[in-house]
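Below: the structure, in structure tokens.
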Amino acid sequence: MNSKICILIPAHNEARTIADVVKGVRAMGLDVFVIDDGSSDDSAQRARDAGATVLVNFKNQGKGFSLQRGFDHIISLDYDALITMDSDGQHAVEDLDAFIHFFNDKKPDIICGNRMKDHQGMPFVRFLTNKIMSTLISLVCRQKIYDTQCGYRLIRCEVLRNIQLSSSAFEIESEVLIKASKKHYRIASVPVKTIYGAEVSKINPFFDTARFIVYIVREMFVK
């Protein structure tokens with residue numbers, strides 16, 4: 001039996017791209033939930049018009065807060081798993097099939113997108129940051145995770161019901177992996193395309209990496 005899976009997209013000022021992302025997902029017959037994180041443009045309305053269910057943060061709260069709000073909403077509904085995607089078009093809609101087929105076939109608890117097999121076009125600083133962080137987090141998780149910083153991932157709803165998240169910023173993606181591993185959930189990976197256009201990353205490679213490392217060191221001493 002195929003699983004019931006939906007898509008979760010956090011968005012902040014992505015009116016240029018959000019409608020195309022939502023339409024692409026909806027064309028595959030999947031439900032889409034967009035968390036608009038206090039956008040000053042019309043991202044929320046464009047997402048609604050494209051067919052998404054939209055929850056709005058009335059001020060900018062951060063990616064972690066938005067993901068947690070989306071997680072809490074979706075796990076209260078009748079879904080087996082959710083897939084998180086970016087709203088800026090960096091994640092190819094056609095890669096959704098790989099996540100869904102792998103989940104239905106192998107039944108892992110989390111599937112991370114892996115951009116590192118074909119990282120052509122990825123800025124060198126981001127590539128280096130990903131390698132360092134993925135090595136550290138794999139050690140903490142005691143599982144090999146090739147691209148821990150990829151936000152394109154599938155998460156079984158059971159996992160989200162059984163871990164307690166606290167991050168309000170970008171480190172939430174590392175927190176999910178670490179806390180799931182502590183509960184002995186199985187993490188797998190599937191290759192995904194690396195798409196970089198004119199968008200500017202909201203992650204500061206130095207400040208956010210330092211914050212990630214502080215978080216990881218802290219988690220190493222928490223059972």
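Residues are referred to by chain and number: the chain letter is A, B, ... according to the order shown in the structure tokens, the number counts from 1 in that chain, and ligands are numbered separately from 1 in the order shown.
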
With a cut-off of 10 Å, could you pull out the residues of stretch 51-89 of chain A touching stretch 24-33 of chain A and give me the nearest pair of atoms for each, distance in Å to one decimal, using only C-alpha atoms, ordered by chain and ascending number, as CSV?
residue,atom,partner,partner_atom,distance
A:Gly51,CA,A:Arg26,CA,7.0
A:Ala52,CA,A:Val32,CA,4.9
A:Thr53,CA,A:Phe33,CA,4.8
A:Val54,CA,A:Phe33,CA,5.8
A:Leu55,CA,A:Phe33,CA,7.6
A:Gly70,CA,A:Phe33,CA,7.4
A:Phe71,CA,A:Phe33,CA,10.0
A:His73,CA,A:Phe33,CA,9.2
A:Ile74,CA,A:Phe33,CA,8.4
A:Leu82,CA,A:Val32,CA,9.6
A:Ile83,CA,A:Val32,CA,9.5
A:Thr84,CA,A:Phe33,CA,9.6

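Close contacts of A:Asp20, defined as residues with an atom at most 10 Å away when counting only C-alpha atoms, with chain neighbours fewer than 6 positions off set aside, comprise A:Arg26, A:Arg46, A:Ala47, A:Ala50, A:Ser87, A:Asp88, A:Gly89, A:Val93.
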
Write a file of the just-selected residues containing N, CA and C atoms, as a PDB file, in the first residue's frame.
ATOM      1  N   ARG A  26       1.535  20.202  -7.016  1.00  0.00           N
ATOM      2  CA  ARG A  26       0.110  19.882  -7.135  1.00  0.00           C
ATOM      3  C   ARG A  26      -0.158  19.058  -8.395  1.00  0.00           C
ATOM      4  N   ARG A  46      -0.010  34.159  -3.566  1.00  0.00           N
ATOM      5  CA  ARG A  46       0.404  33.403  -4.759  1.00  0.00           C
ATOM      6  C   ARG A  46       0.417  31.901  -4.474  1.00  0.00           C
ATOM      7  N   ALA A  47       0.827  31.525  -3.273  1.00  0.00           N
ATOM      8  CA  ALA A  47       0.809  30.110  -2.904  1.00  0.00           C
ATOM      9  C   ALA A  47      -0.620  29.591  -2.837  1.00  0.00           C
ATOM     10  N   ALA A  50      -2.092  29.085  -6.223  1.00  0.00           N
ATOM     11  CA  ALA A  50      -1.501  27.931  -6.912  1.00  0.00           C
ATOM     12  C   ALA A  50      -2.013  26.602  -6.358  1.00  0.00           C
ATOM     13  N   SER A  87      11.336  27.029  -1.149  1.00  0.00           N
ATOM     14  CA  SER A  87      10.353  27.768  -1.942  1.00  0.00           C
ATOM     15  C   SER A  87      10.975  28.532  -3.100  1.00  0.00           C
ATOM     16  N   ASP A  88      12.300  28.481  -3.237  1.00  0.00           N
ATOM     17  CA  ASP A  88      12.978  29.326  -4.222  1.00  0.00           C
ATOM     18  C   ASP A  88      13.321  28.603  -5.525  1.00  0.00           C
ATOM     19  N   GLY A  89      12.848  27.356  -5.666  1.00  0.00           N
ATOM     20  CA  GLY A  89      13.096  26.629  -6.907  1.00  0.00           C
ATOM     21  C   GLY A  89      14.385  25.844  -6.929  1.00  0.00           C
ATOM     22  N   VAL A  93      11.173  19.518  -8.559  1.00  0.00           N
ATOM     23  CA  VAL A  93       9.932  18.802  -8.262  1.00  0.00           C
ATOM     24  C   VAL A  93      10.020  17.349  -8.732  1.00  0.00           C
TER      25      VAL A  93
END

Excluding same-chain residues fewer than 5 positions from A:Arg186, what lies within 9 Å of it counting only C-alpha atoms, as an MDAnalysis selection string?
chainID A and resid 108:111 143 180:181

When DSSP works through the backbone of this structure, what residues of stretch 2-223 of chain A end up as alpha helix (DSSP H), shown as number ranges by chain?
A: 18-26, 43-50, 63-75, 96-106, 124-141, 157-161, 172-182, 207-220

Close residues, A:Gln149 itself excluded, 12 Å, only C-alpha atoms, min 3 positions apart in chain, as an NGL selection string
:A and (112-116 or 126-138 or 145-146 or 152-153 or 170-177 or 203 or 205 or 208-209 or 212)

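Proximity to A:Gln68 was assessed for A:Lys144, A:Arg161, A:Lys183, A:Lys193 counting only C-alpha atoms; the smallest distance is recorded for A:Arg161.
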
Nearest to A:Ala81 by atom-to-atom distance, counting only C-alpha atoms, from A:Val21, A:Cys6, A:Ile213, A:Ile163:
A:Cys6

Rounded to one decimal, what separation in Å do you get between atom CA of A:Cys141 and atom CA of A:Lys182?
7.1 Å
